[in-house]
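Source file: model-v4.cif; contents: mmCIF, C-alpha atoms and all ligand atoms.
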data_structure
loop_
_atom_site.label_atom_id
_atom_site.label_comp_id
_atom_site.auth_asym_id
_atom_site.auth_seq_id
_atom_site.Cartn_x
_atom_site.Cartn_y
_atom_site.Cartn_z
CA MET A 1 14.38 -19.61 2.30
CA SER A 2 14.23 -17.38 5.34
CA THR A 3 12.96 -13.84 4.91
CA ARG A 4 12.45 -11.02 7.43
CA PHE A 5 8.74 -10.82 6.59
CA LYS A 6 6.56 -13.85 5.74
CA ARG A 7 3.35 -12.02 4.93
CA ILE A 8 3.14 -8.43 3.77
CA LEU A 9 0.46 -5.94 3.00
CA LEU A 10 1.67 -3.81 0.12
CA LYS A 11 -0.08 -0.47 -0.36
CA VAL A 12 0.34 0.82 -3.89
CA GLY A 13 -1.03 4.26 -4.79
CA GLY A 14 -3.14 4.58 -7.90
CA GLU A 15 -0.56 6.94 -9.42
CA SER A 16 1.89 4.09 -9.87
CA MET A 17 -0.55 2.64 -12.42
CA MET A 18 -0.49 5.65 -14.72
CA GLY A 19 3.16 5.76 -15.82
CA ASP A 20 3.81 9.05 -17.64
CA ARG A 21 0.16 9.65 -18.41
CA PRO A 22 -1.61 12.52 -16.69
CA TYR A 23 -4.52 10.27 -15.78
CA GLY A 24 -5.77 6.69 -15.91
CA ILE A 25 -4.04 3.37 -16.43
CA ASP A 26 -0.94 2.62 -18.48
CA PRO A 27 -0.73 -1.17 -18.96
CA GLN A 28 3.09 -0.97 -19.02
CA ALA A 29 3.08 0.73 -15.63
CA ALA A 30 0.75 -1.96 -14.30
CA LEU A 31 3.18 -4.58 -15.59
CA ALA A 32 6.07 -2.82 -13.87
CA VAL A 33 4.19 -2.96 -10.54
CA ALA A 34 3.38 -6.63 -11.20
CA GLU A 35 7.05 -7.46 -11.82
CA LYS A 36 7.97 -5.96 -8.44
CA ILE A 37 5.32 -8.06 -6.72
CA LYS A 38 6.50 -11.14 -8.58
CA GLU A 39 10.00 -10.73 -7.13
CA VAL A 40 8.74 -11.19 -3.57
CA TYR A 41 6.10 -13.74 -4.57
CA THR A 42 8.84 -16.00 -5.96
CA LYS A 43 10.50 -15.87 -2.54
CA HIS A 44 7.33 -17.43 -1.13
CA VAL A 45 6.34 -14.31 0.72
CA GLU A 46 2.56 -14.08 1.12
CA VAL A 47 1.33 -10.85 -0.43
CA ALA A 48 -1.89 -8.87 -0.09
CA VAL A 49 -2.05 -5.67 -2.14
CA VAL A 50 -4.22 -2.68 -1.36
CA ILE A 51 -4.48 -0.55 -4.46
CA GLY A 52 -5.43 3.13 -4.47
CA GLY A 53 -7.48 5.02 -7.02
CA GLY A 54 -5.87 8.46 -7.19
CA ASN A 55 -4.97 8.04 -10.88
CA ILE A 56 -8.67 7.93 -11.69
CA PHE A 57 -10.76 9.57 -9.00
CA ARG A 58 -10.34 10.92 -5.49
CA GLY A 59 -13.41 11.64 -3.45
CA ILE A 60 -12.07 14.86 -2.00
CA ALA A 61 -11.46 16.30 -5.49
CA GLY A 62 -14.93 15.24 -6.62
CA SER A 63 -16.54 16.88 -3.61
CA LYS A 64 -14.66 20.14 -4.32
CA ASN A 65 -16.34 20.07 -7.73
CA GLY A 66 -19.75 19.83 -6.16
CA ILE A 67 -20.40 16.08 -5.86
CA ASP A 68 -21.67 14.94 -2.48
CA ARG A 69 -18.60 13.78 -0.51
CA ALA A 70 -19.86 10.29 0.31
CA THR A 71 -20.98 9.75 -3.29
CA ALA A 72 -17.61 10.95 -4.55
CA ASP A 73 -15.84 8.60 -2.14
CA TYR A 74 -17.84 5.65 -3.46
CA MET A 75 -16.75 6.69 -6.95
CA GLY A 76 -13.15 6.70 -5.69
CA MET A 77 -13.61 3.20 -4.27
CA MET A 78 -14.89 2.03 -7.64
CA ALA A 79 -11.76 3.50 -9.21
CA THR A 80 -9.64 1.31 -6.95
CA VAL A 81 -11.50 -1.76 -8.21
CA MET A 82 -10.69 -0.72 -11.79
CA ASN A 83 -7.02 -0.51 -10.82
CA GLY A 84 -7.37 -3.86 -9.08
CA LEU A 85 -8.61 -5.44 -12.30
CA ALA A 86 -5.72 -3.90 -14.24
CA LEU A 87 -3.22 -5.14 -11.67
CA GLN A 88 -4.78 -8.59 -11.66
CA ASP A 89 -4.44 -8.71 -15.44
CA ALA A 90 -0.80 -7.61 -15.25
CA LEU A 91 0.09 -10.07 -12.48
CA GLU A 92 -1.44 -12.97 -14.35
CA LYS A 93 0.45 -11.91 -17.49
CA VAL A 94 3.71 -12.32 -15.56
CA GLY A 95 2.60 -15.67 -14.20
CA VAL A 96 1.42 -14.77 -10.69
CA PRO A 97 -1.94 -16.27 -9.67
CA THR A 98 -4.24 -13.75 -8.05
CA ARG A 99 -7.65 -13.17 -6.58
CA LEU A 100 -9.30 -9.79 -6.52
CA GLN A 101 -11.51 -9.10 -3.54
CA SER A 102 -13.58 -5.99 -3.11
CA ALA A 103 -14.96 -4.35 0.02
CA LEU A 104 -17.86 -3.12 -2.14
CA GLN A 105 -19.89 -5.94 -3.59
CA MET A 106 -19.19 -6.35 -7.30
CA PRO A 107 -19.56 -10.10 -7.73
CA ALA A 108 -19.31 -10.03 -11.51
CA VAL A 109 -15.73 -8.77 -11.32
CA ALA A 110 -14.39 -9.47 -7.84
CA GLU A 111 -14.97 -11.75 -4.88
CA ASN A 112 -16.47 -10.06 -1.86
CA PHE A 113 -13.85 -9.34 0.76
CA ILE A 114 -13.92 -12.22 3.22
CA ARG A 115 -11.05 -12.17 5.69
CA ARG A 116 -10.59 -15.90 6.11
CA LYS A 117 -10.83 -16.47 2.39
CA ALA A 118 -8.20 -13.81 1.73
CA ILE A 119 -5.85 -15.54 4.19
CA ARG A 120 -6.52 -18.90 2.55
CA HIS A 121 -5.71 -17.49 -0.89
CA MET A 122 -2.35 -16.29 0.37
CA GLU A 123 -1.64 -19.64 2.01
CA LYS A 124 -2.35 -21.28 -1.32
CA GLY A 125 0.18 -19.05 -3.04
CA ARG A 126 -2.12 -16.48 -4.58
CA VAL A 127 -1.58 -12.77 -4.37
CA VAL A 128 -4.75 -11.17 -3.03
CA ILE A 129 -5.60 -7.76 -4.43
CA LEU A 130 -7.93 -5.79 -2.20
CA GLY A 131 -10.09 -3.21 -3.91
CA ALA A 132 -12.50 -0.58 -2.57
CA GLY A 133 -10.37 0.18 0.51
CA THR A 134 -12.47 -0.15 3.64
CA GLY A 135 -15.78 -0.07 1.75
CA VAL A 136 -16.87 3.09 3.58
CA PRO A 137 -16.46 6.77 2.68
CA TYR A 138 -14.52 9.58 4.41
CA VAL A 139 -11.31 7.59 4.58
CA THR A 140 -8.68 6.60 2.03
CA THR A 141 -6.97 3.41 0.97
CA ASP A 142 -4.20 4.07 3.52
CA THR A 143 -6.74 3.35 6.25
CA GLY A 144 -7.89 0.32 4.25
CA ALA A 145 -4.28 -0.84 4.09
CA SER A 146 -3.81 -0.47 7.83
CA LEU A 147 -7.05 -2.31 8.63
CA HIS A 148 -6.37 -5.12 6.19
CA ALA A 149 -2.76 -5.50 7.38
CA LEU A 150 -4.11 -6.03 10.89
CA GLU A 151 -6.95 -8.39 10.15
CA LEU A 152 -4.90 -10.45 7.70
CA LYS A 153 -2.15 -10.69 10.32
CA CYS A 154 0.57 -9.32 8.09
CA ASP A 155 4.06 -8.78 9.49
CA VAL A 156 4.35 -5.30 8.05
CA LEU A 157 2.51 -2.71 6.03
CA MET A 158 4.76 -1.79 3.10
CA LYS A 159 3.63 1.64 1.95
CA ALA A 160 5.01 2.48 -1.50
CA THR A 161 5.47 6.23 -2.05
CA LYS A 162 7.06 8.55 -4.61
CA VAL A 163 9.95 9.30 -2.27
CA ASP A 164 12.07 6.73 -0.54
CA GLY A 165 10.87 7.01 3.04
CA ILE A 166 10.18 9.77 5.53
CA PHE A 167 12.46 12.82 5.42
CA ASP A 168 13.04 15.64 7.87
CA LYS A 169 11.81 18.04 5.14
CA ASP A 170 10.22 17.61 1.74
CA PRO A 171 12.97 16.02 -0.43
CA GLU A 172 11.28 17.26 -3.60
CA LYS A 173 11.78 20.87 -2.41
CA HIS A 174 14.97 20.67 -0.32
CA ASP A 175 18.26 19.18 -1.55
CA ASP A 176 19.55 18.81 2.00
CA ALA A 177 16.56 16.76 3.23
CA LYS A 178 17.65 13.78 5.32
CA ARG A 179 15.91 10.43 5.46
CA TYR A 180 14.86 8.77 8.68
CA LYS A 181 16.10 5.21 8.97
CA THR A 182 13.61 4.53 11.72
CA ILE A 183 10.97 6.69 13.31
CA SER A 184 8.57 6.02 16.16
CA PHE A 185 4.86 6.23 15.42
CA LYS A 186 4.61 8.98 18.02
CA ASP A 187 7.16 11.16 16.20
CA ALA A 188 5.73 10.35 12.75
CA ILE A 189 2.26 11.44 13.84
CA GLU A 190 3.57 14.64 15.44
CA MET A 191 5.57 15.60 12.31
CA ASP A 192 2.51 16.82 10.50
CA GLU A 193 4.44 18.92 7.98
CA VAL A 194 5.70 15.68 6.43
CA GLN A 195 2.72 13.82 5.03
CA VAL A 196 3.52 10.29 3.94
CA MET A 197 0.43 8.56 5.09
CA ASP A 198 -2.96 9.49 6.50
CA THR A 199 -2.76 10.28 10.19
CA SER A 200 -5.75 8.02 10.86
CA ALA A 201 -3.94 5.10 9.23
CA LEU A 202 -0.77 5.82 11.20
CA ALA A 203 -2.77 6.08 14.43
CA MET A 204 -4.46 2.75 13.79
CA SER A 205 -1.12 1.10 13.03
CA LYS A 206 0.35 2.63 16.20
CA GLU A 207 -2.47 1.50 18.46
CA ASN A 208 -2.34 -2.03 17.16
CA ASP A 209 1.42 -2.34 16.76
CA MET A 210 1.54 -2.86 13.01
CA PRO A 211 4.93 -1.65 11.72
CA VAL A 212 4.93 0.40 8.54
CA MET A 213 7.76 0.56 6.03
CA VAL A 214 7.61 3.64 3.82
CA PHE A 215 9.65 3.16 0.64
CA GLU A 216 9.92 3.83 -3.09
CA LEU A 217 8.78 0.83 -5.11
CA PHE A 218 10.84 1.58 -8.20
CA LYS A 219 14.14 2.46 -6.53
CA GLY A 220 16.63 -0.34 -7.18
CA ASN A 221 15.59 -3.60 -5.54
CA ASN A 222 13.94 -1.90 -2.59
CA LEU A 223 11.08 -4.31 -2.05
CA ILE A 224 13.11 -7.47 -2.24
CA GLU A 225 15.85 -5.93 -0.08
CA ALA A 226 13.28 -5.03 2.56
CA ILE A 227 12.05 -8.61 2.53
CA ASP A 228 15.63 -9.82 2.94
CA GLY A 229 16.01 -7.64 6.03
CA GLU A 230 18.00 -4.72 4.64
CA ASP A 231 17.33 -1.18 5.79
CA ILE A 232 15.60 0.66 3.01
CA GLY A 233 13.16 3.55 3.17
CA THR A 234 11.92 4.33 6.67
CA TYR A 235 10.70 1.81 9.22
CA VAL A 236 7.98 3.16 11.51
CA ALA A 237 7.17 1.25 14.68
CA ASN A 238 6.49 1.71 18.38
CA ASP A 239 9.66 0.05 19.59
CA VAL A 240 12.23 2.01 17.57
CA LYS A 241 14.22 5.18 18.22
CA THR A 242 13.80 8.03 15.76
CA GLU A 243 17.08 8.08 13.83
CA LEU A 244 18.25 9.78 10.65
CA VAL A 245 20.37 7.79 8.19
N1 LIG B 301 -12.00 5.70 -0.68
C1 LIG B 301 -12.98 5.66 0.31
N2 LIG B 301 -12.89 4.71 1.29
C2 LIG B 301 -11.84 3.84 1.37
C3 LIG B 301 -10.85 3.90 0.38
C4 LIG B 301 -10.95 4.84 -0.63
O1 LIG B 301 -13.91 6.44 0.29
O2 LIG B 301 -11.81 3.01 2.29
C5 LIG B 301 -12.15 6.64 -1.81
C6 LIG B 301 -11.67 8.05 -1.49
O3 LIG B 301 -12.51 8.94 -2.17
C7 LIG B 301 -10.28 8.08 -2.10
C8 LIG B 301 -10.48 7.24 -3.34
O4 LIG B 301 -11.36 6.20 -2.91
O5 LIG B 301 -9.87 9.37 -2.45
C9 LIG B 301 -9.24 6.65 -3.95
O6 LIG B 301 -8.38 6.15 -2.96
P1 LIG B 301 -7.01 6.89 -2.50
O7 LIG B 301 -7.19 8.37 -2.58
O8 LIG B 301 -6.63 6.32 -1.19
O9 LIG B 301 -6.00 6.40 -3.63
P2 LIG B 301 -4.41 6.60 -3.74
O10 LIG B 301 -4.08 7.98 -3.26
O11 LIG B 301 -3.78 5.57 -2.89
O12 LIG B 301 -4.14 6.38 -5.19
#
Would you write out, as structure tokens, the structure that this file holds?
Amino acid sequence: MSTRFKRILLKVGGESMMGDRPYGIDPQAALAVAEKIKEVYTKHVEVAVVIGGGNIFRGIAGSKNGIDRATADYMGMMATVMNGLALQDALEKVGVPTRLQSALQMPAVAENFIRRKAIRHMEKGRVVILGAGTGVPYVTTDTGASLHALELKCDVLMKATKVDGIFDKDPEKHDDAKRYKTISFKDAIEMDEVQVMDTSALAMSKENDMPVMVFELFKGNNLIEAIDGEDIGTYVANDVKTELV
């Protein structure tokens, strides 16, 4: 079966794990994310997943409440490992073999992140879940996703968001917002009123030519359609013209 992308890095925000809850993990939401991953896994696409932690703890919020920023960020990284465990559980419930690797050492619950081992897991048909982002504070899991996409030689970074792509204005506030079909990294970075991804992560993807697809995970069959080569969400790359749909 031929697909547009053979190996993807999927970045899933922590909020997709909480369903309708105000906080934490809803096992049904975790299963819903797992089902989406299963769809591409069954097409023999190699999948690495970077999971966020925003449903549990974000360092920046902790530091506003008086916790030292670096300490708070480590707490945030630990939150991503909790989500990783929940996602691992959900994926295995739907029959997808997984390995959880963590950039912070937690050998009782996750393998240490080892690049070549992560690649090997994917080659053997396991979905690799990557917890703890980069393993260092002052950045977010978007940067972790960009780094991991590069070192694991993924074809694309698929960044799942609440809205389906990058718009010329905030679609949650403006009915007439238009979606970009494609946008160059240069334009995406300059459009700082539209925040879809950390600028540092976008800059790293730009410098190293790692295309990013920004899309909504739960809209129709978005993920599988992207894999099949259809235009969904917004494709960000160096070699594309900035074009609205
Ligand atoms: N974090 C970090 N370094 C990393 C990745 C994450 O310090 O490489 C911390 C940071 O505090 C962040 C938190 O972990 O706020 C949770 O990750 P993120 O906010 O990216 O989660 P998401 O918004 O994707 O759910």
Measure the distance from atom CA of A:Ser200 to atom CA of A:Leu147 in Å and round it to one decimal.
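For atom CA of A:Ser200 relative to atom CA of A:Leu147, the distance reads 10.6 Å.
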Distance limit 10 Å, reference ligand LIG 301 (chain B), atoms considered: all atoms listed in the file. Which residues make the cut? Give them as an MDAnalysis selection string.
chainID A and resid 11:17 50:63 69:81 83 103:104 131:145 147 159:161 197:198
State, in Å with one decimal place, the distance from atom CA of A:Glu151 to atom CA of A:Asn238.
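Spanning atom CA of A:Glu151 to atom CA of A:Asn238 is a straight-line distance of 18.7 Å.
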Calculated over only C-alpha atoms, which of the candidates A:Arg99, A:Lys186, A:Lys169, A:Lys117 has the smallest distance to A:Ile129?
A:Arg99
Between A:Ile166, A:Ala177, A:Ala149, A:Leu157, single out the one closest to A:Met213, counting only C-alpha atoms.
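Result for the nearest residue to A:Met213: A:Leu157.
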Tell me which of A:Phe185, A:Tyr23, A:Tyr180, A:Tyr235 sits closest to A:Val214, counting all atoms listed in the file.
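Closest to A:Val214, using all atoms listed in the file: A:Tyr235.
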